$ cat protein_4.txt   # compact mmCIF, C-alpha atoms
# COMPACT_ATOMS: atom_id res chain seq x y z
CA MET A 19 0.00 0.00 0.00
CA ASP A 20 1.27 3.44 -0.83
CA PRO A 21 2.18 5.01 2.55
CA ARG A 22 0.60 8.24 1.31
CA THR A 23 -2.76 6.49 0.96
CA TYR A 24 -4.84 6.40 4.13
CA LEU A 25 -7.95 4.43 4.92
CA PRO A 26 -10.89 6.62 5.91
CA LEU A 27 -11.44 6.75 9.65
CA PRO A 28 -14.98 6.15 10.96
CA VAL A 29 -16.75 9.24 12.18
CA THR A 30 -18.13 8.80 15.68
CA GLY A 31 -19.88 10.92 18.25
CA PRO A 32 -23.34 12.36 18.80
CA GLY A 33 -25.21 12.94 15.57
CA SER A 34 -22.67 11.10 13.41
CA GLN A 35 -24.71 7.95 12.81
CA SER A 36 -28.08 7.71 11.10
CA ASP A 37 -30.79 5.19 10.55
CA PRO A 38 -31.41 4.00 6.98
CA ASP A 39 -34.20 6.56 6.64
CA GLY A 40 -31.80 9.35 7.53
CA SER A 41 -33.17 10.11 10.97
CA PRO A 42 -30.76 10.36 13.93
CA ALA A 43 -30.20 7.03 15.66
CA LEU A 44 -29.10 8.24 19.07
CA ASP A 45 -31.79 8.28 21.73
CA TYR A 46 -30.75 10.11 24.88
CA LEU A 47 -32.18 9.30 28.29
CA PRO A 48 -34.45 12.00 29.67
CA ILE A 49 -32.76 14.49 31.94
CA PRO A 50 -33.70 14.00 35.62
CA THR A 51 -36.06 16.58 37.03
CA THR A 52 -35.07 18.94 39.79
CA MET A 53 -35.57 18.00 43.40
CA ASP A 54 -38.78 19.10 45.03
CA GLY A 55 -38.25 21.45 47.91
CA TYR A 56 -40.23 24.00 49.87
CA ARG A 57 -42.27 26.16 47.58
CA ARG A 58 -44.30 28.96 49.05
CA PRO A 59 -47.98 28.19 48.56
CA ASP A 60 -50.05 30.14 46.04
CA LEU A 61 -51.25 32.44 48.77
CA PRO A 62 -54.65 34.14 48.63
CA GLU A 63 -54.70 37.89 48.26
CA PRO A 64 -54.85 39.72 51.62
CA GLU A 65 -58.25 41.25 50.82
CA THR A 66 -59.79 37.77 50.55
CA ALA A 67 -59.16 37.17 54.26
CA ALA A 68 -61.93 39.57 55.30
CA GLY A 69 -64.59 36.85 55.39
CA CYS A 70 -62.30 34.06 56.61
CA ALA A 71 -61.98 34.79 60.31
CA ALA A 72 -62.47 31.12 61.20
CA ALA A 73 -59.62 30.07 58.88
CA LEU A 74 -57.33 32.72 60.37
CA ALA A 75 -58.22 31.52 63.86
CA LEU A 76 -57.21 28.01 62.85
CA MET A 77 -53.89 29.30 61.53
CA ASP A 78 -53.33 31.02 64.88
CA ALA A 79 -54.15 27.80 66.72
CA ALA A 80 -51.77 25.81 64.49
CA LEU A 81 -49.02 28.36 65.11
CA ALA A 82 -49.54 28.05 68.86
CA ALA A 83 -49.52 24.25 68.58
CA LEU A 84 -46.15 24.30 66.83
CA THR A 85 -44.64 25.95 69.90
CA GLY A 86 -45.96 23.37 72.39
CA PRO A 87 -46.40 19.64 72.93
CA LEU A 88 -47.72 17.60 70.02
CA PRO A 89 -49.91 16.18 68.61
CA VAL A 90 -52.73 18.72 68.34
CA VAL A 91 -55.92 18.11 66.33
CA LEU A 92 -58.04 21.02 65.06
CA GLY A 93 -61.39 20.26 63.46
CA LEU A 94 -62.23 21.79 60.08
CA ASP A 95 -65.85 20.78 59.65
CA HIS A 96 -67.15 24.12 60.91
CA LEU A 97 -65.50 26.04 58.04
CA ASP A 98 -67.65 27.19 55.16
CA ALA A 99 -66.49 26.61 51.58
CA THR A 100 -64.82 30.03 51.29
CA ALA A 101 -62.84 29.69 54.52
CA ARG A 102 -61.87 26.09 53.69
CA SER A 103 -60.59 27.13 50.27
CA PHE A 104 -58.67 30.03 51.80
CA LEU A 105 -57.01 27.76 54.35
CA GLY A 106 -56.13 25.17 51.71
CA ARG A 107 -54.45 27.74 49.50
CA ALA A 108 -52.60 29.33 52.40
CA LEU A 109 -51.14 26.02 53.59
CA GLY A 110 -50.52 24.44 50.18
CA ASP A 111 -49.62 20.80 49.49
CA GLY A 112 -46.49 19.03 50.67
CA GLU A 113 -44.55 15.90 49.76
CA VAL A 114 -46.17 13.14 51.85
CA SER A 115 -49.58 11.56 51.40
CA LEU A 116 -51.11 8.54 53.18
CA ARG A 117 -54.02 6.20 52.53
CA ARG A 118 -55.56 3.98 55.20
CA GLU A 119 -57.77 1.12 54.04
CA ALA A 120 -60.56 -0.72 55.76
CA ASP A 121 -61.64 -4.30 55.10
CA GLY A 122 -62.26 -4.93 51.43
CA GLY A 123 -59.78 -2.28 50.28
CA ARG A 124 -62.11 0.67 50.85
CA CYS A 125 -60.30 3.91 51.62
CA ALA A 126 -61.22 4.71 55.23
CA ALA A 127 -58.96 7.73 55.76
CA ARG A 128 -56.35 9.75 53.97
CA ALA A 129 -53.85 12.39 54.98
CA GLN A 130 -51.99 15.01 52.98
CA GLU A 131 -49.06 16.93 54.34
CA THR A 132 -49.31 20.65 53.69
CA ALA A 133 -46.39 22.69 52.42
CA LEU A 134 -45.48 22.99 56.10
CA ALA A 135 -43.84 19.79 57.34
CA GLY A 136 -45.72 18.33 60.30
CA VAL A 137 -48.98 20.10 59.42
CA TRP A 138 -51.47 17.61 57.95
CA ILE A 139 -54.94 17.66 56.47
CA VAL A 140 -56.61 14.40 57.55
CA GLN A 141 -59.93 13.22 56.15
CA SER A 142 -61.90 10.27 57.47
CA LEU A 143 -64.32 8.60 55.06
CA PRO A 144 -67.37 6.72 56.40
CA ALA A 145 -68.40 3.37 54.99
CA ASP A 146 -71.74 4.74 53.76
CA GLY A 147 -69.98 7.05 51.30
CA GLY A 148 -70.78 10.30 53.12
CA SER A 149 -68.60 13.38 53.16
CA GLY A 150 -66.76 12.34 56.34
CA SER A 151 -64.85 14.78 58.50
CA GLU A 152 -61.68 16.80 58.16
CA ALA A 153 -59.11 17.92 60.69
CA LEU A 154 -55.87 19.83 60.74
CA GLU A 155 -53.31 17.77 62.63
CA ILE A 156 -50.04 19.19 63.90
CA ALA A 157 -47.78 16.23 64.57
CA ALA A 158 -44.64 14.51 63.37
CA ALA A 159 -46.95 12.02 61.61
CA PRO A 160 -50.74 11.97 61.21
CA SER A 161 -52.93 9.83 63.44
CA ILE A 162 -53.86 7.40 60.65
CA ALA A 163 -50.21 6.24 60.51
CA PHE A 164 -50.51 4.67 63.96
CA GLY A 165 -52.37 1.60 65.17
CA VAL A 166 -51.96 0.05 61.74
CA TRP A 167 -52.08 -3.50 63.07
CA SER A 168 -54.55 -3.03 65.91
CA GLY A 169 -57.27 -5.63 65.57
CA ALA A 170 -55.43 -7.17 62.64
CA GLY A 171 -56.87 -10.35 61.26
CA ALA A 172 -55.08 -13.57 60.47
CA GLN A 173 -51.59 -13.30 59.10
CA PRO A 174 -51.01 -14.36 55.50
CA ALA A 175 -50.73 -18.09 54.95
CA ARG A 176 -47.19 -19.23 54.26
CA VAL A 177 -46.67 -19.91 50.56
CA ALA A 178 -44.41 -22.83 49.74
CA PRO A 179 -41.31 -21.81 47.74
CA GLY A 180 -41.16 -22.90 44.13
CA ALA A 181 -38.17 -24.24 42.26
CA ASP A 182 -36.99 -20.75 41.25
CA VAL A 183 -37.03 -19.37 44.81
CA MET A 184 -33.48 -19.24 46.14
CA ASN A 185 -32.68 -16.80 48.95
CA ALA A 186 -36.03 -15.36 50.02
CA PRO A 187 -36.85 -18.09 52.60
CA ALA A 188 -33.68 -17.30 54.57
CA VAL A 189 -34.54 -13.58 54.53
CA LEU A 190 -38.07 -14.26 55.76
CA THR A 191 -36.75 -16.47 58.56
CA GLU A 192 -34.43 -13.66 59.68
CA LEU A 193 -37.26 -11.11 59.55
CA GLU A 194 -39.55 -13.37 61.57
CA HIS A 195 -36.88 -13.88 64.22
CA ARG A 196 -36.24 -10.15 64.57
CA ARG A 197 -39.96 -9.37 64.57
CA GLN A 198 -40.54 -11.71 67.49
CA HIS A 199 -37.93 -9.76 69.49
CA PHE A 200 -39.09 -6.35 68.27
CA ASP A 201 -38.29 -3.38 70.51
CA PRO A 202 -40.21 -0.20 69.55
CA ALA A 203 -37.48 1.95 71.13
CA ALA A 204 -34.70 0.37 69.06
CA PRO A 205 -33.52 1.85 65.74
CA ALA A 206 -35.17 0.47 62.64
CA HIS A 207 -33.67 -2.74 61.27
CA VAL A 208 -33.35 -2.42 57.49
CA THR A 209 -32.93 -5.37 55.13
CA ASN A 210 -31.62 -4.13 51.78
CA LEU A 211 -33.06 -6.45 49.15
CA SER A 212 -31.24 -4.56 46.39
CA LEU A 213 -27.92 -5.94 47.62
CA LEU A 214 -29.10 -9.55 47.78
CA PRO A 215 -28.96 -12.11 44.96
CA PHE A 216 -32.73 -12.19 44.54
CA THR A 217 -34.47 -13.68 41.52
CA PRO A 218 -37.86 -12.37 40.36
CA ALA A 219 -39.33 -15.49 41.97
CA ASP A 220 -37.66 -14.52 45.26
CA HIS A 221 -39.31 -11.10 45.18
CA ASP A 222 -42.72 -12.54 44.35
CA TRP A 223 -42.48 -15.22 47.06
CA LEU A 224 -41.30 -12.80 49.75
CA GLY A 225 -44.05 -10.32 48.86
CA ALA A 226 -46.69 -13.04 49.08
CA ASN A 227 -45.47 -14.15 52.51
CA LEU A 228 -45.15 -10.62 53.90
CA GLY A 229 -48.68 -9.79 52.77
CA ARG A 230 -50.21 -6.34 52.49
CA GLY A 231 -51.31 -4.16 55.38
CA PRO A 232 -53.87 -1.35 55.46
CA LEU A 233 -51.54 1.67 55.06
CA THR A 234 -49.69 2.99 52.02
CA VAL A 235 -47.54 6.12 51.90
CA LEU A 236 -46.06 8.16 49.05
CA SER A 237 -43.26 10.60 49.76
CA ARG A 238 -42.24 12.78 46.83
CA GLY A 239 -38.84 14.45 46.71
CA TYR A 240 -36.06 13.73 44.25
CA GLY A 241 -38.06 10.85 42.80
CA ASN A 242 -40.51 8.97 44.98
CA CYS A 243 -40.43 6.82 48.07
CA ARG A 244 -43.31 4.37 48.32
CA LEU A 245 -44.07 2.62 51.58
CA ALA A 246 -46.54 -0.13 52.28
CA ALA A 247 -47.31 -1.72 55.61
CA CYS A 248 -46.96 -5.49 55.43
CA ALA A 249 -49.60 -7.80 56.90
CA LEU A 250 -46.99 -8.94 59.42
CA PRO A 251 -46.90 -6.34 62.25
CA ASN A 252 -44.05 -3.80 62.31
CA LEU A 253 -42.75 -4.74 58.86
CA TRP A 254 -42.76 -2.20 56.04
CA ARG A 255 -41.85 -2.50 52.37
CA VAL A 256 -39.96 0.69 51.52
CA GLN A 257 -38.99 1.32 47.89
CA TYR A 258 -37.12 4.28 46.45
CA PHE A 259 -37.50 5.39 42.83
CA ASN A 260 -35.47 7.98 40.94
CA SER A 261 -36.98 10.87 39.00
CA MET A 262 -37.52 8.57 36.00
CA ASP A 263 -39.52 6.15 38.20
CA THR A 264 -36.84 3.45 38.15
CA LEU A 265 -36.51 1.38 41.31
CA ILE A 266 -33.12 2.13 42.84
CA LEU A 267 -33.48 0.82 46.40
CA ASP A 268 -35.76 -1.93 47.71
CA THR A 269 -35.87 -2.52 51.46
CA VAL A 270 -37.89 -4.09 54.26
CA GLU A 271 -37.88 -2.12 57.53
CA LEU A 272 -38.70 -3.47 60.97
CA THR A 273 -39.99 -0.47 62.90
CA ALA A 274 -43.18 1.01 64.31
CA LEU A 275 -43.16 3.71 61.61
CA PRO A 276 -40.40 4.50 59.06
CA GLU A 277 -38.65 7.80 59.70
CA ILE A 278 -39.31 9.07 56.19
CA VAL A 279 -42.98 9.50 57.11
CA CYS A 280 -42.22 11.67 60.15
CA ALA A 281 -41.34 15.34 60.29
CA ALA A 282 -38.10 15.90 62.19
CA PRO A 283 -37.93 18.42 65.07
CA GLU A 284 -35.99 20.86 62.88
CA ASP A 285 -38.72 20.54 60.21
CA LEU A 286 -41.37 21.46 62.76
CA ALA A 287 -39.31 24.48 63.86
CA ASP A 288 -39.00 25.57 60.23
CA SER A 289 -42.75 25.16 59.73
CA ARG A 290 -43.39 27.40 62.72
CA GLU A 291 -41.31 30.16 61.15
CA ARG A 292 -42.93 29.80 57.74
CA LEU A 293 -46.46 29.72 59.16
CA ALA A 294 -45.68 32.88 61.15
CA GLU A 295 -44.59 34.58 57.92
CA ILE A 296 -47.76 33.51 56.13
CA ARG A 297 -50.02 34.56 58.99
CA ALA A 298 -48.34 38.00 59.12
CA LEU A 299 -49.59 38.70 55.59
CA TYR A 300 -53.16 38.71 56.90
CA ALA A 301 -52.62 40.67 60.11

$ encode --input "protein_4.txt" --output "C-alpha cells"
Amino acid sequence: MDPRTYLPLPVTGPGSQSDPDGSPALDYLPIPTTMDGYRRPDLPEPETAAGCAAALALMDAALAALTGPLPVVLGLDHLDATARSFLGRALGDGEVSLRREADGGRCAARAQETALAGVWIVQSLPADGGSGSEALEIAAAPSIAFGVWSGAGAQPARVAPGADVMNAPAVLTELEHRRQHFDPAAPAHVTNLSLLPFTPADHDWLGANLGRGPLTVLSRGYGNCRLAACALPNLWRVQYFNSMDTLILDTVELTALPEIVCAAPEDLADSRERLAEIRALYA
C-alpha cells in the first residue's frame, strides 16, 4: 500500500450515525427533574381574608400548637367553603400523602401533608360514602399512621417456595426472628433487598409471605419513596425510585413507623417560622 494512501477513519460521536431513513439514531435518556423542595404556597390575596376569620383563627391555633407539645388536632368541619378554600391555598400541598384502608380495600382515611412539614390535612371517610370529617393535625406524623395492626386479622398463609425461589426463605426467617424480638425503642432494622442475589421469583415469594397491610404512603422528593405496611406487624416495604420512576433501592424495615414518614424536630421548627410569615400577611 502506498504510505501516502490512508484508509478513511470512521466518524463517531453524537449525531454522526443515522438510521437508513436518515433520521438520527441516538436516543438520549431523559434528563432528571429537579428536586422538590419547599415552595411557598399560592397564597390568597390579603383582601380575601376579610370573610375568613375562622380560617385565620385556625392558623393562629396551628401556630400556637407548633410551639408546644404535640400532637394537636383542630377540626375543620365548621369552616364554610370560602374559609376552607382560603385555608387550603394558604397552607398548600407538601410531599407526603397517606391512605388507610378498611376491610375490602375501601379507603377509610387519607392524609396530605401541607407545604409545612408536620402540618397535615386528615380526612376520614365513612363506609356509607358520606362526606366524612376533616381535621388539621399538627404532629410529626398523622394519626392514621398509627395503630396500623390493631385488631389485625389472620396473618397471610405461608406460601411454599417454588423451584426458582433461592434466597427469600432465609430472609423471611431472619425477619420473623427479629420481629418476634421487636423493641419499639430500638432503631429500625433495614434489610436491603437490592444488595441480595434475589431472583424475580424470590421477590414474588417474599411479597406473598409478607402480605399487604392497610396503610400505604407516598413521599415525593427527588423521585418517589413508596411505603406499604406489610400484613406482618411492624414490617414495612420501603422502595425508592429515581426521578424517572426506576426502582433504585428496595428494602424491608422493621420499625413502628419509618422515619421518612415523620417530620423531624428541625422541620417542625422551620414550619413554625414559615407559618408565622404567612399569617403576618393577613394581620

$ residues_around --input "protein_4.txt" --residues "segment 273-286 of chain A" --least-positions-apart "3" --cutoff "7 Å" --atoms "only C-alpha atoms" --output "PDB file with C-alpha atoms, in the coordinates of the input"
ATOM      1  CA  LEU A  84     -46.150  24.300  66.830  1.00  0.00           C
ATOM      2  CA  ALA A 135     -43.840  19.790  57.340  1.00  0.00           C
ATOM      3  CA  GLY A 136     -45.720  18.330  60.300  1.00  0.00           C
ATOM      4  CA  ALA A 158     -44.640  14.510  63.370  1.00  0.00           C
ATOM      5  CA  ALA A 159     -46.950  12.020  61.610  1.00  0.00           C
ATOM      6  CA  PRO A 202     -40.210  -0.200  69.550  1.00  0.00           C
ATOM      7  CA  ALA A 206     -35.170   0.470  62.640  1.00  0.00           C
ATOM      8  CA  HIS A 207     -33.670  -2.740  61.270  1.00  0.00           C
ATOM      9  CA  ASN A 252     -44.050  -3.800  62.310  1.00  0.00           C
ATOM     10  CA  LEU A 253     -42.750  -4.740  58.860  1.00  0.00           C
ATOM     11  CA  SER A 289     -42.750  25.160  59.730  1.00  0.00           C
ATOM     12  CA  ARG A 290     -43.390  27.400  62.720  1.00  0.00           C
TER      13      ARG A 290
END

$ closest_residue --input "protein_4.txt" --among "A:Ala79, A:Val208, A:Leu228, A:Ala247" --to "Ala175 of chain A" --atoms "all atoms listed in the file"
A:Leu228

$ atom_distance --input "protein_4.txt" --atom1 "atom CA of His195 of chain A" --atom2 "atom CA of Ser161 of chain A"
28.6 Å

$ residues_around --input "protein_4.txt" --residues "Asp220 of chain A" --least-positions-apart "5" --cutoff "10 Å" --atoms "all atoms listed in the file" --output "list in words"
Pro179, Gly180, Asp182, Val183, Met184, Asn185, Ala186, Pro187, Val189, Pro215, Gly225 and Ala226 of chain A

$ atom_distance --input "protein_4.txt" --atom1 "atom CA of Ala68 of chain A" --atom2 "atom CA of Val140 of chain A"
25.8 Å

$ closest_residue --input "protein_4.txt" --among "A:Ala72, A:Leu81, A:Leu267, A:Ile139" --to "Ala127 of chain A" --atoms "all atoms listed in the file"
A:Ile139

$ atom_distance --input "protein_4.txt" --atom1 "atom CA of Glu131 of chain A" --atom2 "atom CA of Ala163 of chain A"
12.4 Å

$ closest_residue --input "protein_4.txt" --among "A:Gly241, A:Gly112, A:Gly86, A:Gly106" --to "Ala287 of chain A" --atoms "all atoms listed in the file"
A:Gly86

$ closest_residue --input "protein_4.txt" --among "A:Cys243, A:Leu193, A:Ala301, A:Leu88" --to "Asn227 of chain A" --atoms "all atoms listed in the file"
A:Leu193

$ axis_aligned_box --input "protein_4.txt" --around "segment 120-134 of chain A" --padding-each-side "6 Å" --output "lines of an AutoDock Vina configuration file"
center_x = -53.9
center_y = 9.0
center_z = 53.2
size_x = 28.8
size_y = 39.9
size_z = 17.8

$ residues_around --input "protein_4.txt" --residues "Leu116 of chain A" --least-positions-apart "4" --cutoff "7 Å" --atoms "all atoms listed in the file" --output "number ranges by chain"
A: 128-130, 234-236

$ closest_residue --input "protein_4.txt" --among "A:Val90, A:Leu293, A:Leu61, A:Leu272" --to "Ala204 of chain A" --atoms "all atoms listed in the file"
A:Leu272

$ residues_near_point --input "protein_4.txt" --point "(-62.3, -3.7, 56.7)" --cutoff "10 Å" --atoms "only C-alpha atoms" --output "list in words"
Glu119, Ala120, Asp121, Gly122, Gly123, Arg124, Cys125, Ala126, Ala145, Ala170, Gly171 and Pro232 of chain A

$ decode --input "protein_4.txt" --residues "segment 66-189 of chain A" --atoms "C-alpha atoms" --output "PDB file, in the first residue's frame"
ATOM      1  CA  THR A  66     -59.792  37.773  50.551  1.00  0.00           C
ATOM      2  CA  ALA A  67     -59.156  37.170  54.259  1.00  0.00           C
ATOM      3  CA  ALA A  68     -61.927  39.565  55.296  1.00  0.00           C
ATOM      4  CA  GLY A  69     -64.593  36.846  55.387  1.00  0.00           C
ATOM      5  CA  CYS A  70     -62.298  34.060  56.605  1.00  0.00           C
ATOM      6  CA  ALA A  71     -61.975  34.789  60.310  1.00  0.00           C
ATOM      7  CA  ALA A  72     -62.471  31.118  61.197  1.00  0.00           C
ATOM      8  CA  ALA A  73     -59.624  30.069  58.883  1.00  0.00           C
ATOM      9  CA  LEU A  74     -57.333  32.721  60.365  1.00  0.00           C
ATOM     10  CA  ALA A  75     -58.218  31.521  63.863  1.00  0.00           C
ATOM     11  CA  LEU A  76     -57.208  28.008  62.854  1.00  0.00           C
ATOM     12  CA  MET A  77     -53.888  29.301  61.532  1.00  0.00           C
ATOM     13  CA  ASP A  78     -53.332  31.023  64.885  1.00  0.00           C
ATOM     14  CA  ALA A  79     -54.150  27.796  66.717  1.00  0.00           C
ATOM     15  CA  ALA A  80     -51.772  25.813  64.492  1.00  0.00           C
ATOM     16  CA  LEU A  81     -49.025  28.356  65.112  1.00  0.00           C
ATOM     17  CA  ALA A  82     -49.539  28.047  68.857  1.00  0.00           C
ATOM     18  CA  ALA A  83     -49.523  24.247  68.582  1.00  0.00           C
ATOM     19  CA  LEU A  84     -46.152  24.297  66.826  1.00  0.00           C
ATOM     20  CA  THR A  85     -44.644  25.952  69.904  1.00  0.00           C
ATOM     21  CA  GLY A  86     -45.961  23.374  72.395  1.00  0.00           C
ATOM     22  CA  PRO A  87     -46.397  19.643  72.927  1.00  0.00           C
ATOM     23  CA  LEU A  88     -47.720  17.603  70.025  1.00  0.00           C
ATOM     24  CA  PRO A  89     -49.915  16.181  68.607  1.00  0.00           C
ATOM     25  CA  VAL A  90     -52.734  18.719  68.344  1.00  0.00           C
ATOM     26  CA  VAL A  91     -55.915  18.107  66.332  1.00  0.00           C
ATOM     27  CA  LEU A  92     -58.041  21.016  65.065  1.00  0.00           C
ATOM     28  CA  GLY A  93     -61.391  20.256  63.462  1.00  0.00           C
ATOM     29  CA  LEU A  94     -62.231  21.789  60.081  1.00  0.00           C
ATOM     30  CA  ASP A  95     -65.847  20.781  59.654  1.00  0.00           C
ATOM     31  CA  HIS A  96     -67.146  24.125  60.907  1.00  0.00           C
ATOM     32  CA  LEU A  97     -65.495  26.036  58.043  1.00  0.00           C
ATOM     33  CA  ASP A  98     -67.648  27.186  55.160  1.00  0.00           C
ATOM     34  CA  ALA A  99     -66.487  26.609  51.579  1.00  0.00           C
ATOM     35  CA  THR A 100     -64.824  30.032  51.295  1.00  0.00           C
ATOM     36  CA  ALA A 101     -62.836  29.688  54.517  1.00  0.00           C
ATOM     37  CA  ARG A 102     -61.871  26.090  53.688  1.00  0.00           C
ATOM     38  CA  SER A 103     -60.591  27.130  50.267  1.00  0.00           C
ATOM     39  CA  PHE A 104     -58.671  30.034  51.798  1.00  0.00           C
ATOM     40  CA  LEU A 105     -57.005  27.758  54.353  1.00  0.00           C
ATOM     41  CA  GLY A 106     -56.128  25.167  51.709  1.00  0.00           C
ATOM     42  CA  ARG A 107     -54.449  27.743  49.496  1.00  0.00           C
ATOM     43  CA  ALA A 108     -52.601  29.328  52.401  1.00  0.00           C
ATOM     44  CA  LEU A 109     -51.144  26.024  53.592  1.00  0.00           C
ATOM     45  CA  GLY A 110     -50.519  24.444  50.184  1.00  0.00           C
ATOM     46  CA  ASP A 111     -49.623  20.795  49.488  1.00  0.00           C
ATOM     47  CA  GLY A 112     -46.493  19.033  50.673  1.00  0.00           C
ATOM     48  CA  GLU A 113     -44.552  15.900  49.757  1.00  0.00           C
ATOM     49  CA  VAL A 114     -46.171  13.139  51.847  1.00  0.00           C
ATOM     50  CA  SER A 115     -49.585  11.555  51.399  1.00  0.00           C
ATOM     51  CA  LEU A 116     -51.112   8.543  53.178  1.00  0.00           C
ATOM     52  CA  ARG A 117     -54.022   6.202  52.526  1.00  0.00           C
ATOM     53  CA  ARG A 118     -55.559   3.985  55.204  1.00  0.00           C
ATOM     54  CA  GLU A 119     -57.766   1.122  54.039  1.00  0.00           C
ATOM     55  CA  ALA A 120     -60.563  -0.719  55.763  1.00  0.00           C
ATOM     56  CA  ASP A 121     -61.643  -4.298  55.102  1.00  0.00           C
ATOM     57  CA  GLY A 122     -62.260  -4.926  51.433  1.00  0.00           C
ATOM     58  CA  GLY A 123     -59.780  -2.282  50.282  1.00  0.00           C
ATOM     59  CA  ARG A 124     -62.111   0.668  50.850  1.00  0.00           C
ATOM     60  CA  CYS A 125     -60.300   3.912  51.615  1.00  0.00           C
ATOM     61  CA  ALA A 126     -61.216   4.711  55.229  1.00  0.00           C
ATOM     62  CA  ALA A 127     -58.965   7.734  55.761  1.00  0.00           C
ATOM     63  CA  ARG A 128     -56.351   9.750  53.966  1.00  0.00           C
ATOM     64  CA  ALA A 129     -53.854  12.386  54.977  1.00  0.00           C
ATOM     65  CA  GLN A 130     -51.992  15.011  52.982  1.00  0.00           C
ATOM     66  CA  GLU A 131     -49.062  16.931  54.339  1.00  0.00           C
ATOM     67  CA  THR A 132     -49.315  20.649  53.695  1.00  0.00           C
ATOM     68  CA  ALA A 133     -46.386  22.687  52.420  1.00  0.00           C
ATOM     69  CA  LEU A 134     -45.475  22.990  56.096  1.00  0.00           C
ATOM     70  CA  ALA A 135     -43.835  19.788  57.345  1.00  0.00           C
ATOM     71  CA  GLY A 136     -45.719  18.332  60.303  1.00  0.00           C
ATOM     72  CA  VAL A 137     -48.982  20.096  59.425  1.00  0.00           C
ATOM     73  CA  TRP A 138     -51.465  17.611  57.952  1.00  0.00           C
ATOM     74  CA  ILE A 139     -54.944  17.663  56.473  1.00  0.00           C
ATOM     75  CA  VAL A 140     -56.610  14.400  57.551  1.00  0.00           C
ATOM     76  CA  GLN A 141     -59.926  13.219  56.145  1.00  0.00           C
ATOM     77  CA  SER A 142     -61.904  10.269  57.465  1.00  0.00           C
ATOM     78  CA  LEU A 143     -64.324   8.601  55.057  1.00  0.00           C
ATOM     79  CA  PRO A 144     -67.367   6.724  56.396  1.00  0.00           C
ATOM     80  CA  ALA A 145     -68.397   3.371  54.986  1.00  0.00           C
ATOM     81  CA  ASP A 146     -71.735   4.743  53.757  1.00  0.00           C
ATOM     82  CA  GLY A 147     -69.980   7.053  51.296  1.00  0.00           C
ATOM     83  CA  GLY A 148     -70.779  10.298  53.118  1.00  0.00           C
ATOM     84  CA  SER A 149     -68.597  13.382  53.163  1.00  0.00           C
ATOM     85  CA  GLY A 150     -66.760  12.341  56.339  1.00  0.00           C
ATOM     86  CA  SER A 151     -64.854  14.777  58.503  1.00  0.00           C
ATOM     87  CA  GLU A 152     -61.678  16.802  58.162  1.00  0.00           C
ATOM     88  CA  ALA A 153     -59.112  17.920  60.688  1.00  0.00           C
ATOM     89  CA  LEU A 154     -55.867  19.835  60.736  1.00  0.00           C
ATOM     90  CA  GLU A 155     -53.312  17.765  62.632  1.00  0.00           C
ATOM     91  CA  ILE A 156     -50.042  19.186  63.899  1.00  0.00           C
ATOM     92  CA  ALA A 157     -47.776  16.233  64.570  1.00  0.00           C
ATOM     93  CA  ALA A 158     -44.645  14.511  63.374  1.00  0.00           C
ATOM     94  CA  ALA A 159     -46.946  12.019  61.608  1.00  0.00           C
ATOM     95  CA  PRO A 160     -50.741  11.972  61.207  1.00  0.00           C
ATOM     96  CA  SER A 161     -52.931   9.829  63.441  1.00  0.00           C
ATOM     97  CA  ILE A 162     -53.861   7.401  60.648  1.00  0.00           C
ATOM     98  CA  ALA A 163     -50.214   6.236  60.509  1.00  0.00           C
ATOM     99  CA  PHE A 164     -50.512   4.667  63.964  1.00  0.00           C
ATOM    100  CA  GLY A 165     -52.366   1.600  65.171  1.00  0.00           C
ATOM    101  CA  VAL A 166     -51.964   0.054  61.738  1.00  0.00           C
ATOM    102  CA  TRP A 167     -52.076  -3.504  63.070  1.00  0.00           C
ATOM    103  CA  SER A 168     -54.555  -3.030  65.910  1.00  0.00           C
ATOM    104  CA  GLY A 169     -57.268  -5.630  65.574  1.00  0.00           C
ATOM    105  CA  ALA A 170     -55.426  -7.170  62.642  1.00  0.00           C
ATOM    106  CA  GLY A 171     -56.873 -10.354  61.259  1.00  0.00           C
ATOM    107  CA  ALA A 172     -55.083 -13.573  60.474  1.00  0.00           C
ATOM    108  CA  GLN A 173     -51.585 -13.299  59.101  1.00  0.00           C
ATOM    109  CA  PRO A 174     -51.011 -14.355  55.498  1.00  0.00           C
ATOM    110  CA  ALA A 175     -50.732 -18.090  54.950  1.00  0.00           C
ATOM    111  CA  ARG A 176     -47.195 -19.226  54.264  1.00  0.00           C
ATOM    112  CA  VAL A 177     -46.668 -19.906  50.559  1.00  0.00           C
ATOM    113  CA  ALA A 178     -44.406 -22.833  49.738  1.00  0.00           C
ATOM    114  CA  PRO A 179     -41.312 -21.810  47.744  1.00  0.00           C
ATOM    115  CA  GLY A 180     -41.158 -22.896  44.129  1.00  0.00           C
ATOM    116  CA  ALA A 181     -38.175 -24.244  42.258  1.00  0.00           C
ATOM    117  CA  ASP A 182     -36.986 -20.749  41.251  1.00  0.00           C
ATOM    118  CA  VAL A 183     -37.030 -19.368  44.807  1.00  0.00           C
ATOM    119  CA  MET A 184     -33.480 -19.236  46.140  1.00  0.00           C
ATOM    120  CA  ASN A 185     -32.684 -16.800  48.947  1.00  0.00           C
ATOM    121  CA  ALA A 186     -36.035 -15.356  50.018  1.00  0.00           C
ATOM    122  CA  PRO A 187     -36.846 -18.093  52.597  1.00  0.00           C
ATOM    123  CA  ALA A 188     -33.681 -17.299  54.573  1.00  0.00           C
ATOM    124  CA  VAL A 189     -34.540 -13.584  54.533  1.00  0.00           C
TER     125      VAL A 189
END
